[in-house]
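Report on the structure given below.
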Amino acid sequence: MEVKIKSMKHENFKDNEYIDNLVEQLRAGGTNIIVGKLDQLMNWGVSNSLWPLCFGTSCCAIEFMCLGAARYDMARYGFEVARNSPRQADYIMCQGTINYRMAPALKRLYEQMAEPKYVIACGSCTVSGGPFKNSYCVVKGVDEIIPVDVYLPGCPPRPEAFFYALMQLQRKIKVQKYFGGVNRKEKLEGIKYDSEAMKETK
Amino acid sequence: MAEIQDKITKLCPQAQVDTTGEFPLVTVPDAQWHDLARALKTQLHYDVLSAVVGMEWPDAFGCMYYLTNTSTHELLHVKVTAPARENPRLHTVCDLWPVANFQEREVYDFYGIVFIGHPDMRRMFLRNDWVGYPLRKDYDPASNPLRLEDETNEDYTCRWVEDENGNVKKVDGKVFEDDEYVVNVGPQHPSTHGVMRYRASLDGETVKKIDVVSGYIHRGIEKMCESLTYPQMLLYTERMDYMAAHINRHCMCMCVEKALGLEVPRRAELIRLMMDELMRLSSHLLSYGCLTMDQGATTAFFYGFRERELIYDIFDRTCGARMSMSYSTIGGVVADVHEDFIKDVRNACDVIEKALKEYHKLFTGNVIAVNRMTGVGILSKEDAIAYDITGPSGRASGWHCDVRKTNPYSLYNEFDFDEITYENGDSMDRYMVRMKEMEQCIKILRQACDKLEAEGIQGEYIAPKVPKVMKLPAGHWYQQVEASRGAFGVYIESDGNTKPVRVHFQSPCFNLIGVVDLTCRDNLIADLITITASLDFVIPDIDR
């Protein structure tokens with residue numbers, strides 16, 4: 001099934017197989033028409049008004065600021081209202097290295113955010129530790145602390161790459177089952193979707 | 001050199017002076033160090049303590065102190081060794097140079113060297129439940145796994161005092177008194193420009209004391225550099241102060257080139273200089289944007305960023321990346337500039353020159369801006385020197401500290417530009433220095449464009465062949481440059497192998513946090529935002 005978002009055509013994405021598999025797994029047991037329609041409505045709203053949390057530790061944050069400024073202007077896609085409080089934010093774009101001192105603070109920020117919440121690991125440092133992998137105090141990827149929805153490599157990624165990551169997130173949101181509890185399960189246990197897990201939730 | 005040798009041996013007979021290196025090296029026992037330090041400061045005008053480098057030699061711990069003479073701009077370094085290897089201790093100099101307060105805390109954090117007489121001997125960057133000292137050669141990384149429980153607040157501090165008989169004992173103290181009202185700002189706060197934390201003690205709305213808690217982006221770059229070859233290390237220089245990426249990398253390259261005795265082709269040096277100035281322009285535009293946004297002028301932020309994109313485009317076309325360009329290499333630059341480089345730079349200069357007038361019209365004269373910045377966060381010239389506040393913030397206090405003028409490096413002495421200084425040292429002056437400095441950047445860039453056009457031919461030789469794995473001769477080197485936020489220094493100690501024994505980065509922003517307490521005291525808590533924005537520090541540069 002094609003997942004449609006307003007900002008980018010389906011065939012322009014490079015990894016459609018992944019989203020097709022995800023849709024297939026999610027829809028394996030069929031969908032109740034009422035719950036399905038409700039989900040669609042919710043997802044339409046959530047995916048088009050994603051508000052980020054201002055959370056930048058280093059270089060990637062500067063590129064994120066460029067994203068908010070006039071040339072790249074992320075307001076076009078509904079990502080614009082950067083919130084300073086985690087309680088008002090929809091997703092946390094983790095920009096920059098996370099070290100041992102910051103790790104508990106990041107975890108707390110994530111826990112303070114209201115559901116539905118998403119995480120984008122932005123830049124090599126947050127994906128895997130990047131150039132600081134051998135350091136004595138750097139977390140080797142934020143997925144050790146919080147579940148990650150989209151990984152965005154680069155050091156720092158270009159603004160175009162930021163958009164690609166944000167649109168991937170939009171697609172993921174478009175197919176989520178808000179009333180099925182499946183996404184919550186992934187969040188809680190940090191496991192990938194598989195049909196076994198699907199059966200258990202039914 | 002010989003003159004200095006005589007003067008120092010007269011001041012302290014136990015000191016040995018070695019004048020064979022690039023700067024005179026004084027070796028002094030710890031017992032005489034404090035007296036010599038006082039004499040160096042009061043009699044020989046070594047007013048500025050540029051860097052304190054913690055060291056571990058095979059047989060002992062110790063420190064290297066880099067002192068700068070404010071009248072002659074000469075550098076002197078002093079080597080002090082701790083008497084005992086177990087429980088190493090040195091005498092503090094933070095009563096003479098207040099900048100040593102944070103510098104010595106950093107050394108304590110990394111090496112566990114205790115400074116006798118230091119008023120606040122706490123860790124600087126690492127968690128307060130950290131085990132061991134990470135920059136020691138025998139440190140085991142497994143001793144500190146990732147801990148997700150919250151850190152406890154550091155309410156207690158300690159001092160080490162020495163009595164007349166030389167016995168040292170630990171005295172506990174408190175960071176804040178029991179009846180003080182302490183407000184926490186950060187680490188996640190929009191106005192801290194990154195992850196920085198202040199604990200502010202308030203009396204009503206007035207700030208009484210600020211305790212800066214740093215280290216939320218400490219990555220241990222100095223330790224990592226010890227296991228890398230010299231070309232590999234260049235990468236990290238760009239990720240400290242990312243708003244001075246070219247400049248920091250240039251500094252590191254110059255330091256290694258100095259050690260190897262390598263000559264850089266003139267065209268490459270000219271290109272590096274132009275990149276440095278473009279970087280400075282970009283950095284000041286960002287600081288304009290952030291300062292205005294912190295005071296509520298969101299539109300001004302967009303204007304600043306609009307012009308920055310022009311500079312990003314120049315970097316993108318020549319270096320292939322918008323940020324973290326990796327352009328300079330040891331011996332020259334990676335590749336020649338893009339064919340439209342000069343055209344682009346000239347265009348950017350014209351546009352930004354026009355835009356600057358617009359900025360002044362928009363923000364500088366604005367009554368809110370004037371009221372919020374004038375007379376707020378005053379830093380006197382004496383304090384700027386004592387805390388080693390270089391760069392635009394130091395020049396706003398009237399201190400002539402531009403390394404491009406005092407110790408000209410690269411090709412700066414061929415260029416005609418002014419060092420901008422102001423007198424008052426308040427937030428307004430710090431802001432104005434940056435605005436005026438941008439005009440000077442444009443002036444330098446235009447001259448450089450002419451030079452590059454007149455001298456160079458496209459595709460000319462831009463870097464000598466250097467081996468990928470290079471060995472530096474045994475010894476130590478120090479190089480300073482004027483980065484966007486002040487004097488940035490690189491210290492390398494080599495034992496003749498392909499990897500360094502010790503690398504230290506003296507970052508300008510680290511000194512800037514030293515004056516947050518001083519400048520914010522007796523101001524309103526809302527002014528904390530204005531003052532820190534006008535000091536304009538980059539957090540990863542502080543923490544490294």
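By convention in this document, the chains of the structure tokens carry letters A, B, ... by their order, each chain's residues are numbered from 1, and ligands are numbered from 1 in the order they are shown.
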
Closest contacts (chain A/chain B, max 9 Å, only C-alpha atoms) as JSON lines:
```
{"residue": "A:Cys54", "atom": "CA", "partner": "B:Pro190", "partner_atom": "CA", "distance": 6.9}
{"residue": "A:Phe55", "atom": "CA", "partner": "B:Gln188", "partner_atom": "CA", "distance": 7.0}
{"residue": "A:Gly56", "atom": "CA", "partner": "B:Gly194", "partner_atom": "CA", "distance": 5.9}
{"residue": "A:Thr57", "atom": "CA", "partner": "B:Gly194", "partner_atom": "CA", "distance": 5.0}
{"residue": "A:Ser58", "atom": "CA", "partner": "B:Pro540", "partner_atom": "CA", "distance": 6.2}
{"residue": "A:Cys59", "atom": "CA", "partner": "B:Tyr242", "partner_atom": "CA", "distance": 6.1}
{"residue": "A:Ala61", "atom": "CA", "partner": "B:Gly194", "partner_atom": "CA", "distance": 8.3}
{"residue": "A:Ile62", "atom": "CA", "partner": "B:Tyr242", "partner_atom": "CA", "distance": 9.0}
{"residue": "A:Glu63", "atom": "CA", "partner": "B:Met323", "partner_atom": "CA", "distance": 8.3}
{"residue": "A:Met65", "atom": "CA", "partner": "B:Phe305", "partner_atom": "CA", "distance": 8.5}
{"residue": "A:Cys66", "atom": "CA", "partner": "B:Phe305", "partner_atom": "CA", "distance": 6.8}
{"residue": "A:Gly68", "atom": "CA", "partner": "B:Phe302", "partner_atom": "CA", "distance": 8.6}
{"residue": "A:Ala69", "atom": "CA", "partner": "B:Phe302", "partner_atom": "CA", "distance": 5.5}
{"residue": "A:Ala70", "atom": "CA", "partner": "B:Phe302", "partner_atom": "CA", "distance": 6.1}
{"residue": "A:Arg71", "atom": "CA", "partner": "B:Arg306", "partner_atom": "CA", "distance": 6.9}
{"residue": "A:Asn84", "atom": "CA", "partner": "B:Pro190", "partner_atom": "CA", "distance": 6.1}
{"residue": "A:Ser85", "atom": "CA", "partner": "B:His189", "partner_atom": "CA", "distance": 8.5}
{"residue": "A:Gly96", "atom": "CA", "partner": "B:Ile217", "partner_atom": "CA", "distance": 8.6}
{"residue": "A:Thr97", "atom": "CA", "partner": "B:Ile217", "partner_atom": "CA", "distance": 6.7}
{"residue": "A:Ile98", "atom": "CA", "partner": "B:Ile217", "partner_atom": "CA", "distance": 6.6}
{"residue": "A:Asn99", "atom": "CA", "partner": "B:Ile217", "partner_atom": "CA", "distance": 6.0}
{"residue": "A:Tyr100", "atom": "CA", "partner": "B:Leu146", "partner_atom": "CA", "distance": 5.9}
{"residue": "A:Arg101", "atom": "CA", "partner": "B:Tyr216", "partner_atom": "CA", "distance": 5.5}
{"residue": "A:Met102", "atom": "CA", "partner": "B:Tyr216", "partner_atom": "CA", "distance": 5.1}
{"residue": "A:Ala103", "atom": "CA", "partner": "B:Leu148", "partner_atom": "CA", "distance": 6.4}
{"residue": "A:Pro104", "atom": "CA", "partner": "B:Leu148", "partner_atom": "CA", "distance": 4.8}
{"residue": "A:Ala105", "atom": "CA", "partner": "B:Asp150", "partner_atom": "CA", "distance": 7.5}
{"residue": "A:Leu106", "atom": "CA", "partner": "B:Gln188", "partner_atom": "CA", "distance": 8.7}
{"residue": "A:Lys107", "atom": "CA", "partner": "B:Leu148", "partner_atom": "CA", "distance": 7.9}
{"residue": "A:Leu109", "atom": "CA", "partner": "B:Gln188", "partner_atom": "CA", "distance": 8.5}
{"residue": "A:Pro131", "atom": "CA", "partner": "B:Tyr236", "partner_atom": "CA", "distance": 8.1}
{"residue": "A:Phe132", "atom": "CA", "partner": "B:Arg219", "partner_atom": "CA", "distance": 6.8}
{"residue": "A:Asn134", "atom": "CA", "partner": "B:Met224", "partner_atom": "CA", "distance": 7.0}
{"residue": "A:Ser135", "atom": "CA", "partner": "B:Gly220", "partner_atom": "CA", "distance": 5.9}
{"residue": "A:Tyr136", "atom": "CA", "partner": "B:Pro141", "partner_atom": "CA", "distance": 5.7}
{"residue": "A:Cys137", "atom": "CA", "partner": "B:Arg219", "partner_atom": "CA", "distance": 6.2}
{"residue": "A:Val138", "atom": "CA", "partner": "B:Arg219", "partner_atom": "CA", "distance": 6.0}
{"residue": "A:Val139", "atom": "CA", "partner": "B:Leu146", "partner_atom": "CA", "distance": 7.3}
{"residue": "A:Ile145", "atom": "CA", "partner": "B:Leu148", "partner_atom": "CA", "distance": 8.1}
{"residue": "A:Cys155", "atom": "CA", "partner": "B:Ser324", "partner_atom": "CA", "distance": 7.3}
{"residue": "A:Pro156", "atom": "CA", "partner": "B:Met323", "partner_atom": "CA", "distance": 6.9}
{"residue": "A:Pro157", "atom": "CA", "partner": "B:Met323", "partner_atom": "CA", "distance": 9.0}
{"residue": "A:Arg158", "atom": "CA", "partner": "B:Arg322", "partner_atom": "CA", "distance": 7.4}
```

Could those selected residues go to a file with N, CA and C atoms, as a short mmCIF file (atom, residue, chain, number, x, y, z; two decimals), in the first residue's frame?
```cif
data_model
loop_
_atom_site.label_atom_id
_atom_site.label_comp_id
_atom_site.auth_asym_id
_atom_site.auth_seq_id
_atom_site.Cartn_x
_atom_site.Cartn_y
_atom_site.Cartn_z
N CYS A 54 13.04 22.06 21.38
CA CYS A 54 14.35 22.69 21.16
C CYS A 54 15.37 21.91 21.95
N PHE A 55 16.00 20.98 21.35
CA PHE A 55 17.01 20.23 22.10
C PHE A 55 18.23 20.04 21.22
N GLY A 56 19.22 20.87 21.41
CA GLY A 56 20.42 20.76 20.62
C GLY A 56 21.62 20.82 21.53
N THR A 57 22.55 19.89 21.37
CA THR A 57 23.74 19.96 22.20
C THR A 57 24.92 20.50 21.41
N SER A 58 25.02 20.18 20.14
CA SER A 58 26.18 20.72 19.40
C SER A 58 25.85 21.03 17.95
N CYS A 59 26.78 20.74 17.05
CA CYS A 59 26.76 21.26 15.67
C CYS A 59 25.41 21.10 14.97
N ALA A 61 22.56 21.32 15.95
CA ALA A 61 21.58 22.32 16.36
C ALA A 61 21.66 23.56 15.48
N ILE A 62 22.85 23.90 14.99
CA ILE A 62 22.99 25.07 14.13
C ILE A 62 22.28 24.81 12.80
N GLU A 63 22.43 23.58 12.30
CA GLU A 63 21.73 23.25 11.06
C GLU A 63 20.23 23.24 11.28
N MET A 65 18.73 25.23 13.27
CA MET A 65 18.34 26.64 13.26
C MET A 65 18.20 27.14 11.82
N CYS A 66 19.08 26.67 10.93
CA CYS A 66 18.96 27.02 9.52
C CYS A 66 17.64 26.51 8.97
N GLY A 68 14.94 26.28 10.54
CA GLY A 68 13.86 27.15 10.99
C GLY A 68 13.89 28.52 10.32
N ALA A 69 15.06 28.89 9.75
CA ALA A 69 15.20 30.22 9.16
C ALA A 69 14.62 30.26 7.75
N ALA A 70 14.82 31.40 7.09
CA ALA A 70 14.03 31.69 5.89
C ALA A 70 14.29 30.77 4.71
N ARG A 71 15.52 30.35 4.47
CA ARG A 71 15.75 29.61 3.24
C ARG A 71 15.08 28.24 3.27
N ASN A 84 9.95 24.98 23.82
CA ASN A 84 11.02 24.90 24.80
C ASN A 84 10.67 23.97 25.94
N SER A 85 9.40 23.67 26.08
CA SER A 85 9.00 22.76 27.14
C SER A 85 8.68 21.39 26.55
N GLY A 96 23.11 16.27 18.36
CA GLY A 96 24.42 16.40 19.00
C GLY A 96 24.69 15.28 19.98
N THR A 97 25.96 15.23 20.36
CA THR A 97 26.45 14.15 21.20
C THR A 97 25.74 14.12 22.55
N ILE A 98 25.47 12.94 23.05
CA ILE A 98 24.94 12.80 24.39
C ILE A 98 26.01 12.10 25.22
N ASN A 99 26.38 12.71 26.32
CA ASN A 99 27.40 12.09 27.14
C ASN A 99 26.79 11.57 28.45
N TYR A 100 27.63 11.02 29.29
CA TYR A 100 27.12 10.35 30.49
C TYR A 100 26.43 11.33 31.44
N ARG A 101 26.87 12.56 31.42
CA ARG A 101 26.24 13.51 32.32
C ARG A 101 24.87 13.94 31.80
N MET A 102 24.74 14.02 30.48
CA MET A 102 23.49 14.48 29.87
C MET A 102 22.46 13.36 29.79
N ALA A 103 22.90 12.11 29.75
CA ALA A 103 22.00 10.99 29.49
C ALA A 103 20.77 10.96 30.42
N PRO A 104 20.94 11.11 31.75
CA PRO A 104 19.74 11.10 32.59
C PRO A 104 18.79 12.26 32.28
N ALA A 105 19.37 13.40 31.92
CA ALA A 105 18.53 14.57 31.60
C ALA A 105 17.72 14.33 30.34
N LEU A 106 18.35 13.69 29.35
CA LEU A 106 17.64 13.40 28.10
C LEU A 106 16.51 12.42 28.35
N LYS A 107 16.79 11.42 29.17
CA LYS A 107 15.78 10.42 29.46
C LYS A 107 14.59 11.08 30.17
N LEU A 109 13.69 14.22 29.92
CA LEU A 109 12.97 15.04 28.95
C LEU A 109 12.02 14.19 28.13
N PRO A 131 32.09 10.15 15.70
CA PRO A 131 33.53 10.31 15.89
C PRO A 131 33.98 10.15 17.34
N PHE A 132 33.02 10.21 18.27
CA PHE A 132 33.39 10.14 19.69
C PHE A 132 33.14 8.76 20.28
N ASN A 134 34.99 6.27 20.74
CA ASN A 134 36.00 5.71 21.65
C ASN A 134 36.17 6.53 22.92
N SER A 135 35.31 7.50 23.12
CA SER A 135 35.49 8.35 24.28
C SER A 135 35.06 7.64 25.56
N TYR A 136 35.56 8.14 26.67
CA TYR A 136 35.23 7.52 27.95
C TYR A 136 33.88 7.94 28.50
N CYS A 137 33.25 8.94 27.90
CA CYS A 137 32.00 9.39 28.50
C CYS A 137 30.91 9.70 27.49
N VAL A 138 30.97 9.11 26.31
CA VAL A 138 29.94 9.40 25.31
C VAL A 138 29.04 8.18 25.13
N VAL A 139 27.74 8.43 25.10
CA VAL A 139 26.76 7.36 24.89
C VAL A 139 26.84 6.93 23.43
N ILE A 145 19.29 4.74 25.40
CA ILE A 145 18.53 5.40 26.47
C ILE A 145 17.05 5.48 26.13
N CYS A 155 27.31 14.43 9.54
CA CYS A 155 28.09 15.07 10.61
C CYS A 155 28.47 16.50 10.24
N PRO A 156 27.58 17.45 10.38
CA PRO A 156 26.15 17.32 10.63
C PRO A 156 25.39 17.06 9.34
N PRO A 157 24.17 16.54 9.42
CA PRO A 157 23.37 16.32 8.21
C PRO A 157 23.01 17.65 7.57
N ARG A 158 22.81 17.65 6.27
CA ARG A 158 22.38 18.88 5.59
C ARG A 158 20.90 19.12 5.89
#
```

Surrounding residues of Lys170 in chain B excluding itself and chain neighbours under 4 positions, 12 Å, only C-alpha atoms, as a ChimeraX atom specification: /B:114-121,157-163

Which of range 382-541 of chain B fall in strand (DSSP E), as number ranges by chain: B: 475-483, 486-494, 502-506

Can you write out the residues you just picked, keeping C-alpha atoms, as a short mmCIF file (atom, residue, chain, number, x, y, z; two decimals), in the first residue's frame?
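As a result, again.cif now contains:
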```
data_model
loop_
_atom_site.label_atom_id
_atom_site.label_comp_id
_atom_site.auth_asym_id
_atom_site.auth_seq_id
_atom_site.Cartn_x
_atom_site.Cartn_y
_atom_site.Cartn_z
CA GLY B 475 59.25 18.30 22.44
CA HIS B 476 56.25 20.53 22.95
CA TRP B 477 54.58 23.17 20.84
CA TYR B 478 51.98 25.83 21.43
CA GLN B 479 50.13 27.85 18.86
CA GLN B 480 47.52 30.55 19.32
CA VAL B 481 45.11 32.01 16.83
CA GLU B 482 42.28 34.50 17.04
CA ALA B 483 39.13 32.41 16.79
CA GLY B 486 38.88 34.80 21.41
CA ALA B 487 42.33 33.30 21.51
CA PHE B 488 42.29 29.61 20.74
CA GLY B 489 45.41 27.65 21.58
CA VAL B 490 46.70 24.19 20.80
CA TYR B 491 49.33 22.50 22.92
CA ILE B 492 51.03 19.36 21.65
CA GLU B 493 53.59 17.31 23.51
CA SER B 494 55.32 14.61 21.51
CA ARG B 502 49.36 15.05 25.35
CA VAL B 503 47.14 17.43 23.43
CA HIS B 504 45.44 20.35 25.11
CA PHE B 505 43.01 22.82 23.61
CA GLN B 506 42.81 26.19 25.24
#
```

All helix (DSSP H, G or I) residues (DSSP, backbone) inside range 11-152 of chain B, as a PyMOL selection string: chain B and resi 11+30-42+100-111+141-143

Å distance separating CA of Lys357 in chain B from CA of Ile342 in chain B, one decimal place: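 If I compute the distance from CA of Lys357 in chain B to CA of Ile342 in chain B, I get 23.3 Å.
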
Coordinates-based distance that separates CA of Tyr288 in chain B from CA of Asp418 in chain B (Å, one decimal):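 Value for the CA of Asp418 in chain B-CA of Tyr288 in chain B distance: 20.4 Å.
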
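What separates CA of Ala348 in chain B from CA of Tyr312 in chain B is a distance of 10.4 Å.
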
Distance query Asp143 in chain A at most 9 Å, only C-alpha atoms, self and fewer than 6 positions along chain excluded, as number ranges by chain: A: 121, 126-128, 190

Given only C-alpha atoms as the counted atoms, nearest of B:Ser328, B:Asn366, B:Ser201, B:Asn347 to Arg446 in chain B: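 Using only C-alpha atoms, Arg446 in chain B sits closest to B:Asn347.
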
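Using only C-alpha atoms, the smallest distance between any of A:Leu169, A:Ile146, A:Val175, A:Ile120 and Glu24 in chain A comes from A:Val175.
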